[in-house]
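Notes to accompany the following structure.
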Amino acid sequence: QAAIHQSCLSAGRDPSDVTLIPVTKFHGPELVADLVDLGVRRFAESRHPEARDKAAAFAERADLEWHFVGQIQTKKARQIAQYVDAVHSIDRGGLVDALSGVERAHPLRAFVQVNMTPDPARGGVQPTELEALVEQVLRTESLELQGLMCVAPLGGDPRAAFAELQALGQGIQSLAPSATSLSMGMSNDFADAIENGATHLRIGAAITGKRPDRT
């Protein structure tokens, strides 16, 4: 939190405009409980069974938020929508269709993930197809568009990717003026993300440490 605060000041930004979401995948509910004791209320997961079980373990804590940040199989989408508050990885029309009929007390907060590489195997919609997907999300009553999400390309300059997402985010505001959020920035590049307008940081290892060995 101190590092995020300093990065915000260096970028001339208000630290209160940046939301930290610890990524707790591969770690047990004990770590989540420790973070809750420290005042953390938002958690990110990327694997459905693990995320489902953790959300169930803390079901009595109505003040906690669960964010899904991993790729979603279409057939698992409705199940995931039953226990999360936000999905950061909306990347195709078929996924939007799968989420369109989910009954919830409140709309599911949605981020459209943009692929910052030419590799179609990477998660995210290509920038040329972004507007059409944004329009589909906006037509879906069960979803509430928050903004965009990206993962910086491996081996590339994260600042270039983050600057591009910031520009794309400004571009979609003609369609969705309230969709101003940018989910970008992880343990090794969150300072660059903050410099380029990140509003939601998905930070794992810098908080949780190395993932535990699994046998």
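As shown in the structure tokens, the chain order sets the letters A, B, ...; within each chain, residues go from 1, and ligands are also counted from 1 in the order they appear.
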Contacts of stretch 39-150 of chain A with stretch 176-187 of chain A up to 9 Å, shortest pair per row, only C-alpha atoms, as a tab-separated table:
```
residue	atom	partner	partner_atom	distance
A:His88	CA	A:Ser183	CA	7.3
A:Phe111	CA	A:Ser183	CA	7.6
A:Gln113	CA	A:Ser183	CA	8.8
A:Val134	CA	A:Ala176	CA	8.4
A:Glu135	CA	A:Ala176	CA	8.7
A:Leu138	CA	A:Ala176	CA	7.8
A:Glu144	CA	A:Ala179	CA	8.8
A:Leu145	CA	A:Ala179	CA	5.9
A:Gln146	CA	A:Ala179	CA	4.5
A:Gly147	CA	A:Ala179	CA	4.4
A:Leu148	CA	A:Leu182	CA	5.1
A:Met149	CA	A:Ser183	CA	4.5
A:Cys150	CA	A:Met184	CA	5.6
```
Can you list, as a PyMOL selection string, all residues belonging to stretch 1-212 of chain A that DSSP tags as alpha helix (DSSP H)? chain A and resi 2-10+29-37+48-57+77-81+93-100+130-138+158-172+190-195+205-208
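Closest approach to A:Ile72 among A:Arg52, A:Arg47, A:Arg104, A:Arg159: A:Arg47, based on only C-alpha atoms.
Among the candidates A:Ala160, A:Leu175, A:Ile203, A:Val40, the one nearest to A:Val69 when counting only C-alpha atoms is A:Ile203.
Proximity of A:Glu103, A:Glu30, A:Glu65, A:Glu60 to A:Phe43, computed with only C-alpha atoms, is greatest for A:Glu65.
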Applying 10 Å and only C-alpha atoms, which residues near A:Val102 remain after dropping the ones on its own chain fewer than 5 positions away? List them as a ChimeraX atom specification. /A:77-79,81-82,97,107-108,141-143
Write down as a PyMOL selection string the residues of chain A whose backbone DSSP state falls under strand (DSSP E). chain A and resi 19-22+42-45+65-68+86-90+108-113+143-149+181-183+200-203
Set the distance at 12 Å and use only C-alpha atoms: which residues neighbour A:Gln6 once local chain neighbours fewer than 4 positions away are removed? I'd like the list as a ChimeraX atom specification. /A:1-2,10-15,18,190-191,194-195
Residue nearest A:Glu129 - candidates A:Ala163, A:Leu168, A:Ala110, A:Ala56, atoms counted: only C-alpha atoms: A:Leu168
Please determine, counting only C-alpha atoms, which residue among A:Asp37, A:Gly28, A:Val96, A:Arg139 has the shortest atom-to-atom distance to A:Lys54.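 Once distances to A:Lys54 are computed over only C-alpha atoms, the minimum belongs to A:Gly28.
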From A:Gly197, A:Pro22, A:Gly156, A:Pro118, residue lying nearest A:His67 [only C-alpha atoms]: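 With only C-alpha atoms as the atom set, the closest residue is A:Pro22.
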Neighbour list for A:His48 as a PyMOL selection string, cut-off 9 Å, only C-alpha atoms, skip fewer than 5 positions in-chain: chain A and resi 53+68+70+72+76+79-80
Near-A:Trp66 list (7 Å; only C-alpha atoms; drop same-chain fewer than 3 positions) as a list in words: Arg42, Phe43, Ala44, Val84, Asp85 and Ala86 of chain A
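The interatomic distance for the pair atom CA of A:Ala57 and atom CA of A:Leu99 works out to 24.0 Å.
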Contacts of stretch 123-126 of chain A at 6 Å or less, counting only C-alpha atoms, minus same-chain residues fewer than 4 places along, as JSON, numbers by chain? {"A": [91, 113, 114, 115]}
